[in-house]
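Everything below concerns the one structure shown next.
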Amino acid sequence: MERIAVIDFETTGISPSSSCRATEIAVVILEQGRIVERYQSLMNAGVRVPGFIEQLTGISNAMLRSAPPAEQVMNEVNEFVGTTPLLAHNAAFDQKFWDFELGRIKRTRLQNFACSLLLARRLMPAAPNHKLGTLTSFAGLPHTGQAHRAMADAEMAANLVAHLAGELRHKHGLRELSHDFLCKLQKVPAAKIPEHLKRQRGF
DNA sequence: TGCCAGGCCCTCTTTAGGGCCTT
């Protein structure tokens, strides 16, 4: 599988705004199914972390006071990712924050996002639910650290997509697993997936 | 003052509603 940048944000809420910002980002580079590079940083965007978010993530206002400014972190991580295609679990969420935080440093996204949530709904229909932690356990993948911290979640999503790619290769006989292929696969209606994969066999 | 996401996906659907998933 081609090189993919798997990203995960921790934030102060669900939708980016002047008061809802990113607090942490992690990116892992997946190459041939293995994590080969990592970037992780807390980021201080000058907003308060609500109590329930601190409970959820363990990221406190005190931790962010000594963190580098959001602009500095976004410049670094944007440089780190470059034009590598992106993937996240529930990518609609991370894409909103990626675009918002990049916009604040006058940059625009150059690549598409693939989504491990949409892929897992199609390729792991028997899972009890499609939360990242549940899918990790269901697939027998290692738990990578504290859930709801950016690096642990990015690594879990990377392990999950590597697992899904392995299944596509071994169970369905697919060879060329490009990011573009994953982006297309995640839009195929779930009911048509078996027939779709049969048609793709050998490609 | 009070409110505050949104795309996907299923079904008791399509002139709609509600759960899932991310923090």
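We label chains A, B, ... in the order they appear in the structure tokens, count residues from 1 in each chain, and number ligands from 1 in the order shown.
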Could you give me the residues within chain A that DSSP places in helix (DSSP H, G or I), as a ChimeraX atom specification? /A:51-57,61-65,70-81,91-104,116-123,132-138,150-170,179-185,190-200
If the cut-off is 10 Å, can you tell me the residues of chain B near chain A, counting only C-alpha atoms (C1' of nucleotides)? I'd like them as a PyMOL selection string. chain B and resi 4-9+20-23
Restricted to N, CA and C atoms (P, O5', C5', C4', C3', O3' and C1' of nucleotides), what would the selected residues look like written as a PDB file, in the first residue's frame?
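The resulting file, again_29.pdb, is shown below:
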```pdb
ATOM      1  P    DC B   4     -29.240  23.823  20.537  1.00  0.00           P
ATOM      2  O5'  DC B   4     -27.927  24.053  19.675  1.00  0.00           O
ATOM      3  C5'  DC B   4     -27.996  24.770  18.451  1.00  0.00           C
ATOM      4  C4'  DC B   4     -26.598  25.060  17.988  1.00  0.00           C
ATOM      5  C3'  DC B   4     -25.627  23.905  18.283  1.00  0.00           C
ATOM      6  O3'  DC B   4     -24.895  23.607  17.111  1.00  0.00           O
ATOM      7  C1'  DC B   4     -24.740  25.942  19.052  1.00  0.00           C
ATOM      8  P    DA B   5     -24.781  21.998  16.826  1.00  0.00           P
ATOM      9  O5'  DA B   5     -23.843  21.922  15.540  1.00  0.00           O
ATOM     10  C5'  DA B   5     -22.578  22.564  15.529  1.00  0.00           C
ATOM     11  C4'  DA B   5     -21.889  22.140  14.255  1.00  0.00           C
ATOM     12  C3'  DA B   5     -22.806  21.994  13.063  1.00  0.00           C
ATOM     13  O3'  DA B   5     -22.045  22.305  11.919  1.00  0.00           O
ATOM     14  C1'  DA B   5     -22.009  19.852  13.716  1.00  0.00           C
ATOM     15  P    DG B   6     -22.796  22.466  10.538  1.00  0.00           P
ATOM     16  O5'  DG B   6     -22.703  21.027   9.890  1.00  0.00           O
ATOM     17  C5'  DG B   6     -21.418  20.488   9.593  1.00  0.00           C
ATOM     18  C4'  DG B   6     -21.584  19.047   9.165  1.00  0.00           C
ATOM     19  C3'  DG B   6     -22.807  18.784   8.272  1.00  0.00           C
ATOM     20  O3'  DG B   6     -22.438  17.843   7.298  1.00  0.00           O
ATOM     21  C1'  DG B   6     -22.815  17.299  10.023  1.00  0.00           C
ATOM     22  P    DG B   7     -22.606  18.144   5.795  1.00  0.00           P
ATOM     23  O5'  DG B   7     -22.086  16.800   5.120  1.00  0.00           O
ATOM     24  C5'  DG B   7     -20.779  16.331   5.422  1.00  0.00           C
ATOM     25  C4'  DG B   7     -20.815  14.838   5.622  1.00  0.00           C
ATOM     26  C3'  DG B   7     -21.702  14.087   4.628  1.00  0.00           C
ATOM     27  O3'  DG B   7     -20.959  12.999   4.121  1.00  0.00           O
ATOM     28  C1'  DG B   7     -22.279  13.487   6.837  1.00  0.00           C
ATOM     29  P    DC B   8     -21.543  12.004   3.083  1.00  0.00           P
ATOM     30  O5'  DC B   8     -21.880  10.730   3.956  1.00  0.00           O
ATOM     31  C5'  DC B   8     -20.839  10.108   4.717  1.00  0.00           C
ATOM     32  C4'  DC B   8     -21.425   8.980   5.530  1.00  0.00           C
ATOM     33  C3'  DC B   8     -22.290   8.006   4.736  1.00  0.00           C
ATOM     34  O3'  DC B   8     -21.855   6.689   5.029  1.00  0.00           O
ATOM     35  C1'  DC B   8     -23.440   8.733   6.665  1.00  0.00           C
ATOM     36  P    DC B   9     -22.260   5.467   4.165  1.00  0.00           P
ATOM     37  O5'  DC B   9     -23.529   4.872   4.912  1.00  0.00           O
ATOM     38  C5'  DC B   9     -23.376   4.337   6.216  1.00  0.00           C
ATOM     39  C4'  DC B   9     -24.737   4.022   6.770  1.00  0.00           C
ATOM     40  C3'  DC B   9     -25.696   3.365   5.770  1.00  0.00           C
ATOM     41  O3'  DC B   9     -26.223   2.198   6.353  1.00  0.00           O
ATOM     42  C1'  DC B   9     -26.758   5.135   6.880  1.00  0.00           C
ATOM     43  P    DC B  20     -26.686   4.521  18.600  1.00  0.00           P
ATOM     44  O5'  DC B  20     -25.621   4.821  17.453  1.00  0.00           O
ATOM     45  C5'  DC B  20     -25.579   3.957  16.313  1.00  0.00           C
ATOM     46  C4'  DC B  20     -24.505   4.425  15.362  1.00  0.00           C
ATOM     47  C3'  DC B  20     -23.133   4.647  16.020  1.00  0.00           C
ATOM     48  O3'  DC B  20     -22.184   4.038  15.163  1.00  0.00           O
ATOM     49  C1'  DC B  20     -23.754   6.563  14.771  1.00  0.00           C
ATOM     50  P    DC B  21     -20.807   3.483  15.794  1.00  0.00           P
ATOM     51  O5'  DC B  21     -19.968   4.822  15.925  1.00  0.00           O
ATOM     52  C5'  DC B  21     -18.753   4.969  15.180  1.00  0.00           C
ATOM     53  C4'  DC B  21     -18.386   6.429  15.085  1.00  0.00           C
ATOM     54  C3'  DC B  21     -17.695   7.030  16.307  1.00  0.00           C
ATOM     55  O3'  DC B  21     -16.321   6.696  16.254  1.00  0.00           O
ATOM     56  C1'  DC B  21     -19.084   8.609  15.099  1.00  0.00           C
ATOM     57  P    DT B  22     -15.347   6.993  17.487  1.00  0.00           P
ATOM     58  O5'  DT B  22     -14.938   8.506  17.259  1.00  0.00           O
ATOM     59  C5'  DT B  22     -14.076   8.875  16.164  1.00  0.00           C
ATOM     60  C4'  DT B  22     -14.058  10.370  16.037  1.00  0.00           C
ATOM     61  C3'  DT B  22     -13.799  11.118  17.342  1.00  0.00           C
ATOM     62  O3'  DT B  22     -12.400  11.205  17.550  1.00  0.00           O
ATOM     63  C1'  DT B  22     -15.544  12.158  16.057  1.00  0.00           C
ATOM     64  P    DT B  23     -11.898  11.179  19.094  1.00  0.00           P
ATOM     65  O5'  DT B  23     -12.272  12.621  19.643  1.00  0.00           O
ATOM     66  C5'  DT B  23     -11.662  13.781  19.075  1.00  0.00           C
ATOM     67  C4'  DT B  23     -12.113  15.040  19.816  1.00  0.00           C
ATOM     68  C3'  DT B  23     -11.877  15.034  21.313  1.00  0.00           C
ATOM     69  O3'  DT B  23     -10.573  15.456  21.599  1.00  0.00           O
ATOM     70  C1'  DT B  23     -14.061  15.843  20.825  1.00  0.00           C
TER      71       DT B  23
END
```
